[in-house]
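Below is input-v1.cif, holding mmCIF, N, CA and C atoms.
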data_input
loop_
_atom_site.label_atom_id
_atom_site.label_comp_id
_atom_site.auth_asym_id
_atom_site.auth_seq_id
_atom_site.Cartn_x
_atom_site.Cartn_y
_atom_site.Cartn_z
N MET A 1 -60.28 18.10 -8.64
CA MET A 1 -59.88 17.54 -9.91
C MET A 1 -60.74 16.31 -10.17
N ARG A 2 -61.23 16.21 -11.35
CA ARG A 2 -62.08 15.08 -11.70
C ARG A 2 -61.33 14.14 -12.63
N TRP A 3 -61.55 12.89 -12.41
CA TRP A 3 -60.96 11.89 -13.27
C TRP A 3 -61.93 11.55 -14.39
N THR A 4 -61.38 11.59 -15.58
CA THR A 4 -62.20 11.13 -16.69
C THR A 4 -61.84 9.69 -16.99
N ASP A 5 -62.60 9.07 -17.82
CA ASP A 5 -62.33 7.67 -18.18
C ASP A 5 -60.94 7.52 -18.78
N LYS A 6 -60.52 8.49 -19.58
CA LYS A 6 -59.21 8.42 -20.22
C LYS A 6 -58.08 8.44 -19.19
N ARG A 7 -58.22 9.29 -18.19
CA ARG A 7 -57.20 9.38 -17.15
C ARG A 7 -57.16 8.10 -16.32
N ARG A 8 -58.29 7.52 -16.06
CA ARG A 8 -58.35 6.28 -15.29
C ARG A 8 -57.66 5.15 -16.04
N LYS A 9 -57.85 5.08 -17.35
CA LYS A 9 -57.19 4.05 -18.15
C LYS A 9 -55.67 4.21 -18.08
N ASN A 10 -55.20 5.44 -18.26
CA ASN A 10 -53.75 5.70 -18.20
C ASN A 10 -53.19 5.41 -16.82
N ALA A 11 -53.92 5.72 -15.77
CA ALA A 11 -53.48 5.46 -14.41
C ALA A 11 -53.37 3.96 -14.18
N LYS A 12 -54.32 3.20 -14.69
CA LYS A 12 -54.27 1.75 -14.54
C LYS A 12 -53.08 1.17 -15.29
N LYS A 13 -52.78 1.68 -16.47
CA LYS A 13 -51.64 1.20 -17.25
C LYS A 13 -50.32 1.47 -16.52
N ARG A 14 -50.21 2.63 -15.88
CA ARG A 14 -48.97 3.02 -15.21
C ARG A 14 -48.80 2.37 -13.85
N LYS A 15 -49.81 1.76 -13.33
CA LYS A 15 -49.78 1.27 -11.96
C LYS A 15 -48.58 0.34 -11.70
N GLY A 16 -48.26 -0.57 -12.59
CA GLY A 16 -47.16 -1.52 -12.39
C GLY A 16 -45.81 -0.99 -12.82
N ARG A 17 -45.76 0.15 -13.46
CA ARG A 17 -44.50 0.69 -13.96
C ARG A 17 -44.04 1.86 -13.12
N ARG A 18 -42.77 2.12 -13.19
CA ARG A 18 -42.22 3.29 -12.51
C ARG A 18 -42.44 4.52 -13.37
N ASN A 19 -42.63 5.62 -12.71
CA ASN A 19 -42.74 6.89 -13.43
C ASN A 19 -41.34 7.41 -13.65
N GLY A 20 -41.07 7.98 -14.76
CA GLY A 20 -39.76 8.55 -14.99
C GLY A 20 -39.34 8.39 -16.43
N VAL A 21 -38.07 8.67 -16.65
CA VAL A 21 -37.52 8.64 -17.99
C VAL A 21 -36.28 7.75 -17.97
N ALA A 22 -36.10 6.94 -18.97
CA ALA A 22 -34.92 6.09 -19.09
C ALA A 22 -34.09 6.57 -20.28
N VAL A 23 -32.79 6.59 -20.10
CA VAL A 23 -31.89 7.02 -21.16
C VAL A 23 -30.83 5.95 -21.33
N GLU A 24 -30.56 5.56 -22.53
CA GLU A 24 -29.51 4.58 -22.82
C GLU A 24 -28.35 5.31 -23.46
N VAL A 25 -27.16 5.09 -22.92
CA VAL A 25 -25.97 5.77 -23.43
C VAL A 25 -24.95 4.71 -23.84
N ASN A 26 -24.44 4.80 -25.03
CA ASN A 26 -23.38 3.92 -25.50
C ASN A 26 -22.12 4.75 -25.66
N VAL A 27 -21.01 4.23 -25.13
CA VAL A 27 -19.76 4.96 -25.18
C VAL A 27 -18.73 4.10 -25.89
N ALA A 28 -18.04 4.65 -26.84
CA ALA A 28 -16.94 3.97 -27.53
C ALA A 28 -15.65 4.65 -27.09
N VAL A 29 -14.70 3.85 -26.64
CA VAL A 29 -13.43 4.38 -26.15
C VAL A 29 -12.33 3.91 -27.08
N ASP A 30 -11.57 4.85 -27.60
CA ASP A 30 -10.42 4.53 -28.44
C ASP A 30 -9.17 4.43 -27.58
N GLY A 31 -8.26 3.57 -27.94
CA GLY A 31 -6.98 3.49 -27.25
C GLY A 31 -6.97 2.57 -26.04
N VAL A 32 -7.95 1.70 -25.91
CA VAL A 32 -8.02 0.81 -24.75
C VAL A 32 -6.82 -0.15 -24.73
N GLU A 33 -6.46 -0.70 -25.87
CA GLU A 33 -5.33 -1.64 -25.92
C GLU A 33 -4.01 -0.95 -25.57
N GLU A 34 -3.83 0.28 -26.04
CA GLU A 34 -2.62 1.02 -25.71
C GLU A 34 -2.57 1.32 -24.21
N PHE A 35 -3.74 1.64 -23.66
CA PHE A 35 -3.82 1.91 -22.22
C PHE A 35 -3.48 0.66 -21.41
N LYS A 36 -4.01 -0.49 -21.82
CA LYS A 36 -3.71 -1.74 -21.12
C LYS A 36 -2.21 -2.03 -21.16
N ALA A 37 -1.60 -1.84 -22.32
CA ALA A 37 -0.17 -2.09 -22.45
C ALA A 37 0.63 -1.14 -21.57
N ALA A 38 0.24 0.12 -21.53
CA ALA A 38 0.93 1.10 -20.68
C ALA A 38 0.78 0.75 -19.21
N MET A 39 -0.39 0.28 -18.82
CA MET A 39 -0.60 -0.10 -17.42
C MET A 39 0.22 -1.33 -17.06
N GLN A 40 0.39 -2.26 -17.98
CA GLN A 40 1.24 -3.43 -17.70
C GLN A 40 2.69 -3.01 -17.56
N ARG A 41 3.13 -2.08 -18.42
CA ARG A 41 4.50 -1.56 -18.29
C ARG A 41 4.66 -0.84 -16.96
N PHE A 42 3.64 -0.06 -16.59
CA PHE A 42 3.67 0.66 -15.32
C PHE A 42 3.76 -0.31 -14.15
N ASP A 43 2.98 -1.38 -14.19
CA ASP A 43 2.96 -2.36 -13.11
C ASP A 43 4.33 -3.01 -12.93
N SER A 44 4.93 -3.47 -14.01
CA SER A 44 6.24 -4.13 -13.87
C SER A 44 7.32 -3.12 -13.46
N ALA A 45 7.26 -1.90 -14.00
CA ALA A 45 8.23 -0.89 -13.61
C ALA A 45 8.06 -0.51 -12.14
N MET A 46 6.81 -0.40 -11.71
CA MET A 46 6.52 -0.05 -10.32
C MET A 46 7.07 -1.11 -9.38
N GLN A 47 6.85 -2.37 -9.70
CA GLN A 47 7.36 -3.45 -8.86
C GLN A 47 8.87 -3.43 -8.74
N SER A 48 9.55 -3.23 -9.86
CA SER A 48 11.03 -3.23 -9.81
C SER A 48 11.56 -2.03 -9.05
N HIS A 49 10.97 -0.86 -9.24
CA HIS A 49 11.43 0.34 -8.53
C HIS A 49 11.16 0.24 -7.03
N VAL A 50 9.96 -0.21 -6.67
CA VAL A 50 9.63 -0.33 -5.25
C VAL A 50 10.52 -1.38 -4.59
N GLN A 51 10.74 -2.48 -5.28
CA GLN A 51 11.59 -3.55 -4.74
C GLN A 51 12.99 -3.02 -4.42
N ARG A 52 13.56 -2.29 -5.37
CA ARG A 52 14.91 -1.74 -5.17
C ARG A 52 14.94 -0.75 -4.01
N GLN A 53 14.00 0.17 -4.01
CA GLN A 53 13.97 1.21 -2.98
C GLN A 53 13.65 0.64 -1.60
N LEU A 54 12.73 -0.32 -1.57
CA LEU A 54 12.35 -0.94 -0.30
C LEU A 54 13.51 -1.73 0.28
N THR A 55 14.30 -2.35 -0.57
CA THR A 55 15.48 -3.08 -0.11
C THR A 55 16.47 -2.13 0.56
N SER A 56 16.72 -0.99 -0.05
CA SER A 56 17.65 -0.03 0.55
C SER A 56 17.08 0.55 1.84
N TRP A 57 15.76 0.76 1.89
CA TRP A 57 15.14 1.30 3.10
C TRP A 57 15.25 0.31 4.25
N THR A 58 14.97 -0.97 3.99
CA THR A 58 15.05 -1.96 5.07
C THR A 58 16.47 -2.13 5.56
N GLU A 59 17.43 -2.03 4.67
CA GLU A 59 18.83 -2.11 5.10
C GLU A 59 19.19 -0.94 6.00
N ALA A 60 18.69 0.25 5.67
CA ALA A 60 18.96 1.42 6.50
C ALA A 60 18.32 1.26 7.89
N VAL A 61 17.12 0.72 7.94
CA VAL A 61 16.46 0.48 9.24
C VAL A 61 17.24 -0.56 10.03
N LYS A 62 17.71 -1.61 9.35
CA LYS A 62 18.48 -2.66 10.01
C LYS A 62 19.77 -2.09 10.61
N VAL A 63 20.45 -1.26 9.86
CA VAL A 63 21.69 -0.64 10.36
C VAL A 63 21.41 0.23 11.59
N SER A 64 20.32 1.01 11.52
CA SER A 64 19.95 1.85 12.67
C SER A 64 19.62 1.00 13.89
N ALA A 65 18.87 -0.07 13.68
CA ALA A 65 18.51 -0.96 14.80
C ALA A 65 19.76 -1.58 15.42
N LYS A 66 20.71 -1.96 14.57
CA LYS A 66 21.95 -2.54 15.09
C LYS A 66 22.77 -1.52 15.88
N GLN A 67 22.67 -0.25 15.50
CA GLN A 67 23.37 0.79 16.25
C GLN A 67 22.68 1.09 17.58
N LEU A 68 21.35 0.97 17.61
CA LEU A 68 20.59 1.32 18.81
C LEU A 68 20.43 0.19 19.81
N VAL A 69 20.59 -1.05 19.38
CA VAL A 69 20.34 -2.19 20.27
C VAL A 69 21.36 -2.23 21.41
N PRO A 70 20.89 -2.49 22.63
CA PRO A 70 21.84 -2.63 23.74
C PRO A 70 22.65 -3.92 23.55
N VAL A 71 23.94 -3.83 23.81
CA VAL A 71 24.82 -4.97 23.56
C VAL A 71 25.41 -5.49 24.87
N ARG A 72 25.24 -6.78 25.06
CA ARG A 72 25.88 -7.46 26.18
C ARG A 72 26.85 -8.50 25.62
N THR A 73 26.31 -9.42 24.81
CA THR A 73 27.17 -10.44 24.20
C THR A 73 27.33 -10.21 22.71
N GLY A 74 26.44 -9.43 22.10
CA GLY A 74 26.48 -9.19 20.66
C GLY A 74 25.57 -10.11 19.88
N HIS A 75 24.99 -11.12 20.55
CA HIS A 75 24.11 -12.07 19.86
C HIS A 75 22.86 -11.38 19.31
N LEU A 76 22.24 -10.53 20.09
CA LEU A 76 21.04 -9.84 19.65
C LEU A 76 21.33 -8.96 18.44
N ARG A 77 22.42 -8.21 18.51
CA ARG A 77 22.79 -7.33 17.39
C ARG A 77 23.04 -8.14 16.13
N GLU A 78 23.73 -9.26 16.24
CA GLU A 78 24.05 -10.07 15.07
C GLU A 78 22.83 -10.82 14.52
N SER A 79 21.78 -10.97 15.33
CA SER A 79 20.61 -11.72 14.87
C SER A 79 19.58 -10.83 14.17
N ILE A 80 19.83 -9.53 14.11
CA ILE A 80 18.90 -8.62 13.43
C ILE A 80 19.02 -8.83 11.92
N TYR A 81 17.88 -8.98 11.26
CA TYR A 81 17.85 -9.24 9.83
C TYR A 81 16.82 -8.34 9.14
N ALA A 82 16.94 -8.26 7.83
CA ALA A 82 15.97 -7.54 7.00
C ALA A 82 15.81 -8.32 5.71
N LYS A 83 14.56 -8.56 5.33
CA LYS A 83 14.31 -9.23 4.06
C LYS A 83 13.05 -8.67 3.41
N ILE A 84 13.02 -8.81 2.09
CA ILE A 84 11.92 -8.29 1.28
C ILE A 84 11.27 -9.45 0.55
N SER A 85 9.96 -9.45 0.55
CA SER A 85 9.20 -10.44 -0.23
C SER A 85 8.09 -9.67 -0.92
N GLU A 86 8.24 -9.46 -2.22
CA GLU A 86 7.34 -8.66 -3.02
C GLU A 86 7.16 -7.27 -2.41
N TRP A 87 6.00 -6.96 -1.85
CA TRP A 87 5.75 -5.63 -1.30
C TRP A 87 5.84 -5.61 0.21
N VAL A 88 6.41 -6.64 0.81
CA VAL A 88 6.47 -6.75 2.26
C VAL A 88 7.91 -6.67 2.72
N ALA A 89 8.18 -5.71 3.61
CA ALA A 89 9.50 -5.58 4.22
C ALA A 89 9.42 -6.17 5.62
N GLU A 90 10.33 -7.08 5.91
CA GLU A 90 10.36 -7.69 7.24
C GLU A 90 11.71 -7.39 7.88
N ILE A 91 11.66 -6.77 9.03
CA ILE A 91 12.86 -6.45 9.79
C ILE A 91 12.63 -7.04 11.17
N GLY A 92 13.54 -7.87 11.60
CA GLY A 92 13.33 -8.52 12.89
C GLY A 92 14.61 -9.05 13.47
N SER A 93 14.47 -9.89 14.47
CA SER A 93 15.60 -10.50 15.14
C SER A 93 15.27 -11.96 15.41
N GLU A 94 16.26 -12.81 15.24
CA GLU A 94 16.07 -14.23 15.50
C GLU A 94 16.36 -14.59 16.95
N ALA A 95 16.84 -13.65 17.72
CA ALA A 95 17.12 -13.91 19.14
C ALA A 95 15.79 -14.09 19.88
N VAL A 96 15.71 -15.11 20.69
CA VAL A 96 14.48 -15.43 21.42
C VAL A 96 14.08 -14.29 22.34
N TYR A 97 15.03 -13.60 22.90
CA TYR A 97 14.75 -12.57 23.91
C TYR A 97 14.63 -11.17 23.32
N ALA A 98 14.61 -11.03 22.01
CA ALA A 98 14.54 -9.71 21.37
C ALA A 98 13.29 -8.94 21.79
N LEU A 99 12.18 -9.62 21.88
CA LEU A 99 10.92 -8.99 22.28
C LEU A 99 11.00 -8.44 23.70
N PHE A 100 11.68 -9.17 24.58
CA PHE A 100 11.80 -8.73 25.97
C PHE A 100 12.66 -7.47 26.08
N VAL A 101 13.69 -7.39 25.27
CA VAL A 101 14.55 -6.19 25.28
C VAL A 101 13.77 -5.00 24.73
N GLU A 102 13.03 -5.20 23.63
CA GLU A 102 12.28 -4.11 23.00
C GLU A 102 11.18 -3.58 23.90
N PHE A 103 10.41 -4.46 24.51
CA PHE A 103 9.24 -4.04 25.28
C PHE A 103 9.39 -4.16 26.79
N GLY A 104 10.42 -4.83 27.24
CA GLY A 104 10.63 -4.99 28.67
C GLY A 104 9.78 -6.10 29.26
N THR A 105 10.03 -6.38 30.51
CA THR A 105 9.24 -7.35 31.27
C THR A 105 8.90 -6.70 32.60
N ARG A 106 8.26 -7.44 33.46
CA ARG A 106 7.98 -6.85 34.77
C ARG A 106 9.24 -6.76 35.62
N HIS A 107 10.31 -7.45 35.20
CA HIS A 107 11.58 -7.41 35.94
C HIS A 107 12.65 -6.58 35.25
N MET A 108 12.37 -6.14 34.02
CA MET A 108 13.39 -5.43 33.24
C MET A 108 12.72 -4.30 32.46
N ARG A 109 13.31 -3.15 32.49
CA ARG A 109 12.74 -2.02 31.75
C ARG A 109 12.94 -2.23 30.24
N ALA A 110 12.07 -1.62 29.47
CA ALA A 110 12.16 -1.71 28.00
C ALA A 110 13.35 -0.90 27.51
N ARG A 111 14.04 -1.45 26.52
CA ARG A 111 15.14 -0.74 25.86
C ARG A 111 14.90 -0.83 24.35
N PRO A 112 13.94 -0.03 23.86
CA PRO A 112 13.55 -0.14 22.45
C PRO A 112 14.68 0.21 21.48
N TYR A 113 14.75 -0.56 20.44
CA TYR A 113 15.73 -0.31 19.38
C TYR A 113 15.08 -0.45 18.00
N PHE A 114 14.09 -1.34 17.83
CA PHE A 114 13.41 -1.46 16.54
C PHE A 114 12.48 -0.29 16.28
N PHE A 115 11.63 0.02 17.24
CA PHE A 115 10.66 1.10 17.04
C PHE A 115 11.35 2.43 16.73
N PRO A 116 12.37 2.83 17.50
CA PRO A 116 13.04 4.09 17.13
C PRO A 116 13.72 4.04 15.76
N ALA A 117 14.24 2.87 15.37
CA ALA A 117 14.88 2.76 14.06
C ALA A 117 13.85 2.93 12.94
N VAL A 118 12.70 2.31 13.10
CA VAL A 118 11.64 2.44 12.09
C VAL A 118 11.12 3.87 12.06
N GLN A 119 10.89 4.46 13.23
CA GLN A 119 10.39 5.85 13.31
C GLN A 119 11.36 6.82 12.63
N GLU A 120 12.63 6.57 12.78
CA GLU A 120 13.65 7.45 12.18
C GLU A 120 13.56 7.43 10.66
N HIS A 121 13.27 6.27 10.08
CA HIS A 121 13.29 6.11 8.62
C HIS A 121 11.90 6.14 7.99
N LEU A 122 10.86 6.24 8.77
CA LEU A 122 9.50 6.22 8.24
C LEU A 122 9.20 7.37 7.27
N PRO A 123 9.62 8.60 7.54
CA PRO A 123 9.34 9.67 6.57
C PRO A 123 9.95 9.40 5.19
N ARG A 124 11.08 8.73 5.17
CA ARG A 124 11.74 8.41 3.90
C ARG A 124 10.93 7.38 3.10
N LEU A 125 10.19 6.52 3.79
CA LEU A 125 9.41 5.49 3.10
C LEU A 125 8.37 6.09 2.17
N GLU A 126 7.68 7.13 2.61
CA GLU A 126 6.70 7.80 1.76
C GLU A 126 7.37 8.40 0.53
N GLN A 127 8.54 9.01 0.72
CA GLN A 127 9.28 9.58 -0.42
C GLN A 127 9.67 8.49 -1.41
N ILE A 128 10.09 7.34 -0.89
CA ILE A 128 10.51 6.23 -1.74
C ILE A 128 9.35 5.76 -2.61
N ILE A 129 8.18 5.63 -2.01
CA ILE A 129 7.02 5.16 -2.76
C ILE A 129 6.62 6.19 -3.83
N CYS A 130 6.62 7.46 -3.48
CA CYS A 130 6.28 8.51 -4.45
C CYS A 130 7.29 8.55 -5.59
N GLU A 131 8.58 8.43 -5.27
CA GLU A 131 9.61 8.42 -6.31
C GLU A 131 9.47 7.20 -7.21
N ALA A 132 9.14 6.06 -6.64
CA ALA A 132 8.96 4.83 -7.43
C ALA A 132 7.78 4.98 -8.37
N ILE A 133 6.70 5.59 -7.91
CA ILE A 133 5.53 5.81 -8.77
C ILE A 133 5.89 6.73 -9.93
N ASP A 134 6.59 7.82 -9.63
CA ASP A 134 6.99 8.76 -10.69
C ASP A 134 7.92 8.10 -11.70
N ALA A 135 8.91 7.33 -11.22
CA ALA A 135 9.83 6.65 -12.13
C ALA A 135 9.11 5.61 -12.97
N ALA A 136 8.18 4.89 -12.38
CA ALA A 136 7.42 3.88 -13.13
C ALA A 136 6.54 4.52 -14.17
N LYS A 137 5.92 5.66 -13.83
CA LYS A 137 5.10 6.38 -14.80
C LYS A 137 5.94 6.84 -15.99
N ALA A 138 7.12 7.36 -15.71
CA ALA A 138 7.99 7.83 -16.78
C ALA A 138 8.44 6.64 -17.66
N GLU A 139 8.77 5.52 -17.01
CA GLU A 139 9.22 4.34 -17.76
C GLU A 139 8.09 3.76 -18.61
N ALA A 140 6.86 3.84 -18.12
CA ALA A 140 5.71 3.31 -18.86
C ALA A 140 5.22 4.27 -19.93
N GLY A 141 5.73 5.50 -19.93
CA GLY A 141 5.30 6.50 -20.91
C GLY A 141 3.98 7.16 -20.56
N LEU A 142 3.66 7.18 -19.25
CA LEU A 142 2.43 7.82 -18.81
C LEU A 142 2.74 9.25 -18.36
N PRO A 143 1.79 10.16 -18.52
CA PRO A 143 2.05 11.57 -18.12
C PRO A 143 2.09 11.75 -16.63
#
Just give me the structure as structure tokens.
Amino acid sequence: MRWTDKRRKNAKKRKGRRNGVAVEVNVAVDGVEEFKAAMQRFDSAMQSHVQRQLTSWTEAVKVSAKQLVPVRTGHLRESIYAKISEWVAEIGSEAVYALFVEFGTRHMRARPYFFPAVQEHLPRLEQIICEAIDAAKAEAGLP
């Protein structure tokens, strides 16, 4: 293949540029404001539904833990609590020795009560979240 003067000029012009094709696309979307409003309704509905369902779930786990905990004086059982803060469920015990009972020590075997209680109710947690999403979608008017 031979280069002519014309081809050399074009090659020199293209040297600093990329080869290819550029396409510019402009998109206009209708209904953005309605979508934003629906998403805000969905967000607030989702929070209220999850809060309610999560509260009932943590109470169920707390009741199970209280049933499963080994009792000597009753202090450990009475110190088990459940609280919700936004999207965080906290289930625990205020007794100093709760961790030792759950996991054991080198002098005492473990007698788990929290882990089995959570495991028992864990499948329900996924259902609760799915139900809350569906209810929030319906409340927000989303399909």
Spatial neighbours of stretch 75-88 of chain A, 7 Å, all atoms listed in the file, chain gap at least 6 places, as a ChimeraX atom specification: /A:51,54-55,58-59,62,65-66,69,94-95,98
Grab the residues selected above and save them as an mmCIF file, keeping the file's coordinate frame with N, CA and C atoms.
data_model
loop_
_atom_site.group_PDB
_atom_site.id
_atom_site.type_symbol
_atom_site.label_atom_id
_atom_site.label_comp_id
_atom_site.auth_asym_id
_atom_site.auth_seq_id
_atom_site.Cartn_x
_atom_site.Cartn_y
_atom_site.Cartn_z
ATOM 1 N N GLN A 51 10.740 -2.480 -5.280
ATOM 2 C CA GLN A 51 11.590 -3.550 -4.740
ATOM 3 C C GLN A 51 12.990 -3.020 -4.420
ATOM 4 N N LEU A 54 12.730 -0.320 -1.570
ATOM 5 C CA LEU A 54 12.350 -0.940 -0.300
ATOM 6 C C LEU A 54 13.510 -1.730 0.280
ATOM 7 N N THR A 55 14.300 -2.350 -0.570
ATOM 8 C CA THR A 55 15.480 -3.080 -0.110
ATOM 9 C C THR A 55 16.470 -2.130 0.560
ATOM 10 N N THR A 58 14.970 -0.970 3.990
ATOM 11 C CA THR A 58 15.050 -1.960 5.070
ATOM 12 C C THR A 58 16.470 -2.130 5.560
ATOM 13 N N GLU A 59 17.430 -2.030 4.670
ATOM 14 C CA GLU A 59 18.830 -2.110 5.100
ATOM 15 C C GLU A 59 19.190 -0.940 6.000
ATOM 16 N N LYS A 62 17.710 -1.610 9.350
ATOM 17 C CA LYS A 62 18.480 -2.660 10.010
ATOM 18 C C LYS A 62 19.770 -2.090 10.610
ATOM 19 N N ALA A 65 18.870 -0.070 13.680
ATOM 20 C CA ALA A 65 18.510 -0.960 14.800
ATOM 21 C C ALA A 65 19.760 -1.580 15.420
ATOM 22 N N LYS A 66 20.710 -1.960 14.570
ATOM 23 C CA LYS A 66 21.950 -2.540 15.090
ATOM 24 C C LYS A 66 22.770 -1.520 15.880
ATOM 25 N N VAL A 69 20.590 -1.050 19.380
ATOM 26 C CA VAL A 69 20.340 -2.190 20.270
ATOM 27 C C VAL A 69 21.360 -2.230 21.410
ATOM 28 N N GLU A 94 16.260 -12.810 15.240
ATOM 29 C CA GLU A 94 16.070 -14.230 15.500
ATOM 30 C C GLU A 94 16.360 -14.590 16.950
ATOM 31 N N ALA A 95 16.840 -13.650 17.720
ATOM 32 C CA ALA A 95 17.120 -13.910 19.140
ATOM 33 C C ALA A 95 15.790 -14.090 19.880
ATOM 34 N N ALA A 98 14.610 -11.030 22.010
ATOM 35 C CA ALA A 98 14.540 -9.710 21.370
ATOM 36 C C ALA A 98 13.290 -8.940 21.790
#
Minimum-distance residue to A:Tyr113, chosen among A:Cys130, A:Ala140, A:Gln67, A:Ser44 (using only N, CA and C atoms): A:Gln67
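The space between atom CA of A:Val32 and atom C of A:Gln47 spans 23.7 Å.
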DSSP helix (DSSP H, G or I) selection over chain A, as an MDAnalysis selection string: chainID A and resid 5:14 32:68 75:78 98:103 114:140
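Interatomic distance, atom CA of A:Ala28 against atom CA of A:Leu142: 21.6 Å.
Distances to A:Ala135 were evaluated for A:Met108, A:Val29, A:Ala45, A:Ala37 using all atoms listed in the file, and the minimum falls at A:Ala45.
If you measure from each of A:Glu33, A:Glu24, A:Glu131, A:Glu102 to A:His49 using all atoms listed in the file, the closest one turns out to be A:Glu131.
What separates atom N of A:Val61 from atom N of A:Ile133 is a distance of 19.6 Å.
Listed by chain and then by rising number, the residues of chain A that DSSP assigns to strand (DSSP E or B) from the backbone are A:Ile80, A:Tyr81, A:Ala82, A:Lys83, A:Ile84, A:Ser85, A:Val88, A:Ala89, A:Glu90, A:Ile91, A:Gly92, A:Ser93.
Among the candidates A:Phe114, A:Lys36, A:Val27, A:Arg41, the one nearest to A:Gly141 when counting all atoms listed in the file is A:Arg41.
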Residues within 7 Å of (17.5, 6.0, 15.9), file coords, only C-alpha atoms, listed as a ChimeraX atom specification: /A:64,68,116-117,120
